[in-house]
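S.K.: Please find start38.cif (mmCIF, C-alpha atoms) on the next line:
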data_final
#
loop_
_atom_site.label_atom_id
_atom_site.label_comp_id
_atom_site.auth_asym_id
_atom_site.auth_seq_id
_atom_site.Cartn_x
_atom_site.Cartn_y
_atom_site.Cartn_z
CA MET L 921 0.00 0.00 0.00
CA GLY L 922 1.39 3.38 -0.97
CA ARG L 923 2.05 6.37 1.22
CA GLN L 924 -1.05 8.31 2.19
CA LEU L 925 -1.56 11.72 0.59
CA HIS L 926 -0.92 14.67 2.90
CA LEU L 927 -4.12 16.14 4.29
CA ARG L 928 -2.36 19.41 4.96
CA GLN L 929 0.68 20.75 3.15
CA HIS L 930 2.67 23.95 3.56
CA TYR L 931 4.76 25.34 0.72
CA VAL L 932 7.09 28.31 0.38
CA PHE L 933 7.62 29.78 -3.10
CA LEU L 934 10.92 31.44 -4.00
CA LEU L 935 12.41 33.08 -7.08
CA ASP L 936 16.04 32.14 -7.74
CA PRO L 937 17.86 34.65 -9.99
CA ILE L 938 19.71 33.73 -13.18
CA HIS L 939 22.34 36.33 -14.07
CA ALA L 940 23.77 37.20 -17.46
CA PRO L 941 27.61 37.40 -17.60
CA SER L 942 27.19 41.18 -17.46
CA GLY L 943 25.69 40.82 -13.99
CA LYS L 944 22.15 41.73 -14.97
CA VAL L 945 19.33 39.38 -13.96
CA MET L 946 18.06 37.74 -17.16
CA ALA L 947 15.50 35.33 -15.69
CA TRP L 948 14.35 33.56 -12.53
CA GLU L 949 13.55 29.99 -11.53
CA LEU L 950 10.52 29.29 -9.38
CA LEU L 951 11.61 27.14 -6.43
CA THR L 952 9.16 25.39 -4.13
CA ARG L 953 10.00 24.21 -0.62
CA PHE L 954 8.12 22.49 2.15
CA THR L 955 8.27 24.52 5.34
CA PRO L 956 10.72 22.82 7.74
CA ASP L 957 8.10 22.10 10.42
CA ARG L 958 6.01 19.86 8.18
CA GLY L 959 8.33 16.87 7.97
CA MET L 960 10.93 16.30 5.25
CA PRO L 961 13.02 19.26 6.58
CA GLU L 962 15.88 18.47 4.21
CA LEU L 963 13.89 19.97 1.36
CA ALA L 964 14.02 23.43 2.90
CA GLU L 965 17.65 23.67 1.77
CA ALA L 966 17.49 21.40 -1.28
CA SER L 967 19.71 22.47 -4.16
CA SER L 968 17.46 21.04 -6.85
CA GLU L 969 13.74 21.05 -7.51
CA HIS L 970 14.01 17.43 -8.55
CA HIS L 971 14.15 16.34 -4.90
CA LEU L 972 10.55 17.53 -4.69
CA PHE L 973 9.43 15.06 -7.36
CA ASP L 974 10.97 12.21 -5.35
CA CYS L 975 8.71 12.96 -2.39
CA LEU L 976 5.35 13.51 -4.11
CA LEU L 977 2.83 11.18 -5.64
CA GLU L 978 1.52 11.94 -9.11
CA ALA L 979 -1.70 13.52 -7.80
CA GLU L 980 0.28 15.64 -5.35
CA LYS L 981 2.62 16.87 -8.10
CA TRP L 982 -0.34 17.90 -10.23
CA GLN L 983 -1.94 19.74 -7.33
CA LEU L 984 1.34 21.54 -6.63
CA PHE L 985 1.75 22.47 -10.31
CA GLN L 986 -1.61 24.23 -10.20
CA LEU L 987 -0.56 26.11 -7.06
CA GLN L 988 2.65 27.16 -8.80
CA LEU L 989 0.67 28.45 -11.78
CA LYS L 990 -1.49 30.46 -9.40
CA GLN L 991 1.60 32.06 -7.91
CA LEU L 992 2.95 32.90 -11.36
CA GLU L 993 -0.37 34.41 -12.40
CA SER L 994 -0.26 36.63 -9.32
CA LEU L 995 3.34 37.57 -10.05
CA TYR L 996 2.65 38.69 -13.61
CA LYS L 997 -0.56 40.49 -12.64
CA SER L 998 1.56 42.58 -10.27
CA GLY L 999 3.46 43.98 -13.27
CA PHE L 1000 6.46 41.61 -13.32
CA THR L 1001 8.05 41.48 -16.79
CA GLN L 1002 10.92 38.96 -16.63
CA LEU L 1003 11.21 35.30 -17.62
CA VAL L 1004 10.48 32.65 -14.99
CA SER L 1005 11.23 28.94 -15.43
CA LEU L 1006 9.26 26.17 -13.74
CA ASN L 1007 10.41 22.57 -13.32
CA ILE L 1008 8.12 19.85 -14.64
CA ASP L 1009 8.38 16.10 -15.30
CA GLY L 1010 6.63 13.49 -17.41
CA ASP L 1011 3.59 13.24 -15.13
CA ILE L 1012 3.00 16.98 -15.31
CA ILE L 1013 3.54 17.05 -19.07
CA ARG L 1014 0.85 14.41 -19.53
CA GLY L 1015 -1.45 16.37 -17.24
CA ILE L 1016 -0.97 19.51 -19.34
CA LEU L 1017 -1.70 17.64 -22.56
CA ASN L 1018 -4.94 16.29 -21.06
CA SER L 1019 -6.21 19.58 -19.59
CA GLU L 1020 -7.57 22.27 -21.90
CA ALA L 1021 -8.12 24.55 -18.90
CA ILE L 1022 -4.42 24.38 -17.96
CA GLN L 1023 -3.42 24.95 -21.58
CA GLN L 1024 -5.51 28.13 -21.59
CA ARG L 1025 -3.80 29.32 -18.40
CA LEU L 1026 -0.39 28.67 -19.96
CA ASP L 1027 -1.44 30.68 -23.02
CA ARG L 1028 -1.75 33.70 -20.71
CA LEU L 1029 1.82 33.28 -19.39
CA PRO L 1030 4.07 34.07 -22.38
CA LEU L 1031 7.08 34.76 -20.13
CA LEU L 1032 6.93 31.32 -18.52
CA ARG L 1033 9.55 28.73 -19.44
CA LEU L 1034 8.97 25.03 -18.73
CA GLU L 1035 12.11 23.36 -17.42
CA ILE L 1036 12.25 19.65 -18.18
CA SER L 1037 13.57 17.77 -15.18
CA ALA L 1038 16.46 15.35 -15.25
CA LEU L 1039 14.14 12.69 -13.82
CA PHE L 1040 12.35 12.74 -17.17
CA THR L 1041 15.31 13.06 -19.52
CA GLU L 1042 17.37 10.29 -17.87
CA ARG L 1043 15.14 7.73 -19.58
CA TYR L 1044 14.84 9.72 -22.82
CA ARG L 1045 13.32 7.60 -25.60
CA ALA L 1046 11.44 8.20 -28.85
CA ALA L 1047 8.16 8.27 -26.91
CA ASP L 1048 9.56 10.97 -24.61
CA ARG L 1049 10.64 13.06 -27.58
CA LEU L 1050 7.12 12.81 -29.02
CA LEU L 1051 5.68 13.90 -25.67
CA LEU L 1052 7.94 16.97 -25.63
CA GLN L 1053 7.01 17.79 -29.22
CA LYS L 1054 3.33 17.67 -28.30
CA LEU L 1055 3.97 19.93 -25.32
CA ALA L 1056 5.87 22.43 -27.45
CA GLY L 1057 3.00 22.43 -29.93
CA ILE L 1058 0.22 23.36 -27.49
CA THR L 1059 1.83 26.03 -25.28
CA PRO L 1060 3.75 29.28 -25.92
CA ALA L 1061 6.04 28.41 -22.99
CA LEU L 1062 9.42 27.55 -24.50
CA LEU L 1063 11.25 24.53 -23.10
CA TRP L 1064 14.49 24.55 -21.14
CA LEU L 1065 16.57 21.43 -20.40
CA ASP L 1066 17.77 21.17 -16.82
CA ASP L 1067 20.85 19.46 -15.34
CA PHE L 1068 22.42 18.51 -18.65
CA ALA L 1069 25.56 16.37 -18.28
CA ALA L 1070 24.45 15.16 -14.87
CA GLY L 1071 25.03 11.57 -15.92
CA GLY L 1072 21.97 10.46 -17.86
CA SER L 1073 22.04 13.13 -20.54
CA THR L 1074 22.99 12.67 -24.17
CA LEU L 1075 23.33 15.04 -27.09
CA SER L 1076 20.50 13.17 -28.83
CA MET L 1077 18.10 15.07 -26.56
CA LEU L 1078 19.20 18.32 -28.16
CA SER L 1079 19.08 17.30 -31.81
CA SER L 1080 15.34 18.01 -32.04
CA GLY L 1081 15.97 21.70 -31.37
CA LEU L 1082 13.13 21.73 -28.83
CA PHE L 1083 15.08 23.50 -26.09
CA GLU L 1084 15.60 27.25 -25.97
CA TYR L 1085 18.23 27.14 -23.21
CA VAL L 1086 20.16 24.27 -21.65
CA LYS L 1087 21.34 24.29 -18.04
CA ILE L 1088 24.67 22.58 -17.39
CA SER L 1089 24.64 20.59 -14.15
CA ARG L 1090 26.41 21.93 -11.10
CA ASP L 1091 28.48 18.79 -10.60
CA PHE L 1092 29.78 18.77 -14.18
CA PHE L 1093 30.77 22.43 -13.91
CA TRP L 1094 32.54 21.87 -10.61
CA LYS L 1095 34.46 18.85 -11.93
CA TYR L 1096 35.28 19.94 -15.48
CA GLY L 1097 34.75 23.70 -15.57
CA GLU L 1098 38.45 24.45 -16.01
CA GLY L 1099 39.15 21.84 -18.63
CA TYR L 1100 38.79 21.03 -22.28
CA ALA L 1101 35.73 18.81 -21.70
CA PHE L 1102 33.71 21.79 -20.47
CA ASP L 1103 34.53 23.94 -23.49
CA THR L 1104 33.77 21.05 -25.83
CA LEU L 1105 30.39 20.51 -24.21
CA LEU L 1106 29.55 24.20 -24.48
CA ASN L 1107 30.33 24.14 -28.19
CA HIS L 1108 28.04 21.17 -28.79
CA VAL L 1109 25.17 22.49 -26.69
CA ASN L 1110 25.30 25.93 -28.28
CA ASP L 1111 24.98 24.27 -31.69
CA PHE L 1112 21.60 22.82 -30.70
CA SER L 1113 20.10 25.61 -28.57
CA SER L 1114 19.94 29.37 -28.12
CA GLY L 1115 22.36 29.33 -25.22
CA VAL L 1116 23.77 27.71 -22.09
CA ILE L 1117 23.09 28.50 -18.43
CA VAL L 1118 25.73 27.25 -15.98
CA GLN L 1119 24.54 26.10 -12.57
CA GLY L 1120 26.57 25.83 -9.38
CA ILE L 1121 27.96 29.36 -9.13
CA GLU L 1122 28.73 29.70 -5.41
CA THR L 1123 32.08 31.50 -5.11
CA GLU L 1124 34.16 34.16 -6.80
CA ARG L 1125 36.35 31.38 -8.17
CA HIS L 1126 33.29 29.90 -9.88
CA LEU L 1127 32.55 33.30 -11.41
CA GLN L 1128 36.10 33.60 -12.68
CA ARG L 1129 35.98 30.06 -14.07
CA ALA L 1130 32.82 30.89 -16.06
CA ALA L 1131 34.14 34.23 -17.32
CA HIS L 1132 34.58 34.55 -21.08
CA LYS L 1133 32.82 31.22 -21.73
CA GLN L 1134 30.12 30.72 -24.36
CA ILE L 1135 27.24 31.06 -21.93
CA VAL L 1136 24.19 33.28 -21.55
CA GLY L 1137 23.45 32.77 -17.87
CA LEU L 1138 24.81 31.90 -14.42
CA GLN L 1139 22.88 30.45 -11.49
CA GLY L 1140 23.77 29.34 -7.98
CA ARG L 1141 24.01 30.16 -4.30
CA HIS L 1142 26.36 33.07 -4.97
CA TRP L 1143 23.06 34.98 -5.27
CA GLN L 1144 20.20 34.79 -2.82
CA ALA L 1145 16.75 33.60 -3.81
CA ARG L 1146 13.88 35.98 -3.04
CA ALA L 1147 10.51 35.16 -1.52
CA MET L 1148 7.75 35.30 -4.11
CA ALA L 1149 5.61 37.42 -1.77
CA ASP L 1150 8.38 40.04 -1.48
CA VAL L 1151 8.83 40.23 -5.26
CA ILE L 1152 5.08 40.65 -5.79
CA ASP L 1153 4.91 43.32 -3.10
CA HIS L 1154 7.88 45.24 -4.55
CA THR L 1155 6.58 45.04 -8.13
CA THR L 1156 3.11 46.19 -7.05
CA LYS L 1157 4.61 49.27 -5.39
CA VAL L 1158 6.79 50.09 -8.41
CA PHE L 1159 3.99 49.53 -10.96
CA PRO L 1160 0.74 50.19 -9.06
CA SER L 1161 -1.21 50.89 -12.25
CA ARG L 1162 -0.46 47.40 -13.58
CA THR L 1163 -1.81 45.60 -10.53
CA ILE L 1164 -5.25 44.12 -11.00
CA LYS L 1165 -5.93 43.12 -7.39
CA LYS L 1166 -4.15 42.36 -4.14
CA GLN L 1167 -2.12 39.20 -4.54
CA PRO L 1168 -2.17 36.19 -2.16
CA SER L 1169 0.75 35.29 0.03
CA ALA L 1170 3.48 33.16 -1.50
CA THR L 1171 3.29 30.83 1.51
CA VAL L 1172 0.27 28.62 0.93
CA SER L 1173 -1.50 26.34 3.37
CA TYR L 1174 -4.32 24.12 2.09
CA PRO L 1175 -6.27 22.20 4.79
CA ASN L 1176 -7.83 20.00 2.09
CA PHE L 1177 -4.89 19.23 -0.13
CA LEU L 1178 -6.76 16.95 -2.56
#
Would you write out, as structure tokens, the structure that this file holds?

M.R.:
Amino acid sequence: MGRQLHLRQHYVFLLDPIHAPSGKVMAWELLTRFTPDRGMPELAEASSEHHLFDCLLEAEKWQLFQLQLKQLESLYKSGFTQLVSLNIDGDIIRGILNSEAIQQRLDRLPLLRLEISALFTERYRAADRLLLQKLAGITPALLWLDDFAAGGSTLSMLSSGLFEYVKISRDFFWKYGEGYAFDTLLNHVNDFSSGVIVQGIETERHLQRAAHKQIVGLQGRHWQARAMADVIDHTTKVFPSRTIKKQPSATVSYPNFL
């Protein structure tokens, strides 16, 4: 018998910045964390969204995806005008393809990018490629590939040209970022996409290592993630005329989770 669904779940929504080599923020990634007092405290400091997929059943993931969309809708209604990426996996992709209502909501989020998780791409087959092609055909949200070169990735994933940007895994950058293998990978990935985002930037040495490389973005703990509620509040104050209504808190508690 499987694990029981949570009757009550607390989430915190964060925006993690992605910086261009110039230092300017070019995009954000929506991160979701359980609050530490609700069990599974290790997720509060998780370095990857993919840990979240490990801990949720399919129905829970779908419920969370809808909560994430609600947060993004509130963010953009506040006047926010930058790209935001959101991690998804195969279960969520199939849910999108089967829900016209969700497709319509995605149509209203042209600055959203759907980040395909490594959990999906590790088993990449012809059927998976067809699923991604269907997804790309029904939503304006361009696709990003996350954690490339983490171990289960191959260049065959990129040959379709489905991915706008590709994120290089933190571990690969840390291990090979100063060598020939890293430059070779960048050359190949740039051939099949619009650009590379390097993950794992945590120190000045990491910044120096990534300098003058063929990349469009940098992401990591060198920069602090911001609470979604704070970003919405700041944007609303800067662009009050763009705000449609007061936005909900970015910490969500649902007594009836499903």

S.K.: Which residue gives the smallest distance to Val932 in chain L among L:Thr952, L:Gln1024, L:Gln1002, L:Gln1053, with only C-alpha atoms counted?

M.R.: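 Using only C-alpha atoms, Val932 in chain L sits closest to L:Thr952.
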
S.K.: List the neighbours of range 1076-1089 of chain L out to 6 Å using only C-alpha atoms; skip same-chain residues closer than 4 positions along the sequence, and give me the result as a VMD selection string.

M.R.: chain L and resid 1063 to 1070 1112 to 1119

S.K.: One number please: CA of Leu1032 in chain L to CA of Ser1005 in chain L, in Å, one decimal.

M.R.: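 Separation of CA of Leu1032 in chain L and CA of Ser1005 in chain L: 5.8 Å.
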
S.K.: Let me make sure I understand: among L:Arg1025, L:Leu1105, L:Met1148, L:Ile1016, which one has the smallest atom-to-atom distance to Tyr931 in chain L if we use only C-alpha atoms?

M.R.: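 Among the listed residues, the smallest separation from Tyr931 in chain L belongs to L:Met1148.
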
S.K.: Just give me the gap between CA of Asp1103 in chain L and CA of Glu1035 in chain L in Å, one decimal is fine.

M.R.: 23.2 Å

S.K.: Taking only C-alpha atoms into account, name the residue in L:Trp1094, L:Leu1127, L:Ala940, L:Ser998 that is nearest to Val1158 in chain L.

M.R.: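 Of all the options, L:Ser998 lies closest to Val1158 in chain L.
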